[in-house]
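Novice: For reference, the structure I am asking about is given below.
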Amino acid sequence: MDRIIRALSWWWASAPLLLFTPGIAYVMGWPGVRRELGWMFGLMALFTAVLAPTAGLVVAHVRDRREARGRFLVMAAVSGVPILFFLFFGVLFRECPDGYHC
């Protein structure tokens with residue numbers, strides 16, 4: 001069970017790398033990766049940031065591991081803040097026309 005918890009922790013830690021891979025590839029001289037596959041890396045980073053803490057909480061709850069459960073709760077909170085930030089400012093706040101207070 002410790003190996004599963006460790007693997008889920010490392011999987012969650014790979015989310016920022018997945019998110020920044022298209023930008024890194026662009027800087028290294030491979031603009032095609034960003035242009036053609038950038039959306040896929042972003043989607044995988046979102047999937048990783050959400051699913052890894054969720055699966056970890058389930059595993060920690062089933063095996064009654066309090067320390068791991070706390071770790072995965074922190075991971076879920078850390079993952080949730082940027083997702084909610086993007087949802088609010090990228091989607092909801094953008095729909096309000098200029099000059100109006102929604």
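A note on labels: chains of the structure tokens are A, B, ... as shown, every chain counts residues from 1, and ligands are counted from 1 in their shown order.
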Neighbours of Val78 of chain A within 12 Å (only C-alpha atoms; same-chain residues fewer than 4 positions away dropped), as a list in words?
Specialist: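 In the requested form, the answer reads Trp12, Ala13, Ala15, Pro16, Ala49, Val50, Pro53, Arg71, Phe72, Leu73, Val74, Pro82, Ile83, Leu84 and Phe85 of chain A.
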Novice: Export C-alpha atoms of the chosen residues as a PDB file, in the first residue's frame?
Specialist:
ATOM      1  CA  TRP A  12       0.545  14.408  -8.641  1.00  0.00           C
ATOM      2  CA  ALA A  13       3.978  16.029  -8.485  1.00  0.00           C
ATOM      3  CA  ALA A  15       1.397  17.828 -13.025  1.00  0.00           C
ATOM      4  CA  PRO A  16       3.446  21.072 -13.215  1.00  0.00           C
ATOM      5  CA  ALA A  49      -3.979  17.374 -10.625  1.00  0.00           C
ATOM      6  CA  VAL A  50      -7.543  16.229  -9.978  1.00  0.00           C
ATOM      7  CA  PRO A  53      -5.352  13.369  -4.923  1.00  0.00           C
ATOM      8  CA  ARG A  71      -1.045  14.687   2.552  1.00  0.00           C
ATOM      9  CA  PHE A  72      -3.667  14.043  -0.113  1.00  0.00           C
ATOM     10  CA  LEU A  73      -6.001  16.647   1.390  1.00  0.00           C
ATOM     11  CA  VAL A  74      -3.205  19.206   1.084  1.00  0.00           C
ATOM     12  CA  PRO A  82      -5.351  27.284  -9.505  1.00  0.00           C
ATOM     13  CA  ILE A  83      -8.299  25.411 -11.025  1.00  0.00           C
ATOM     14  CA  LEU A  84     -10.805  27.660  -9.250  1.00  0.00           C
ATOM     15  CA  PHE A  85      -8.703  30.724 -10.081  1.00  0.00           C
TER      16      PHE A  85
END
Novice: Would you pick out the contacts of Arg3 of chain A at 12 Å or less, using only C-alpha atoms, so that residues sharing its chain but fewer than 3 positions from it are not included, and give the list as an MDAnalysis selection string?
Specialist: chainID A and resid 6:11 56 59:60 68
Novice: Please list as an MDAnalysis selection string every residue within 12 Å of Met40 of chain A, counting only C-alpha atoms and excluding residues in the same chain fewer than 6 positions away.
Specialist: chainID A and resid 18:22 33:34 46:47
Novice: Quick check for you: according to DSSP on this backbone, which residues of chain A are classed as alpha helix (DSSP H)? Reply as a PyMOL selection string.
Specialist: chain A and resi 2-13+15-27+31-62+66-86
Novice: From the options A:Met75, A:Ala55, A:Gly70, A:Tyr26, which residue's atoms come nearest to Ile4 of chain A, counting only C-alpha atoms?
Specialist: A:Ala55
Novice: As an exercise, work out the distance from atom CA of Leu17 of chain A to atom CA of Leu37 of chain A in Å and give it to one decimal place.
Specialist: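 Pair atom CA of Leu17 of chain A / atom CA of Leu37 of chain A returns 14.4 Å.
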Novice: For atom CA of Ala45 of chain A and atom CA of Phe86 of chain A, determine how far apart the two atoms are, in Å to one decimal place.
Specialist: 13.7 Å
Novice: Quick one: distance from atom CA of Phe41 of chain A to atom CA of Phe88 of chain A in Å, one decimal?
Specialist: 21.5 Å
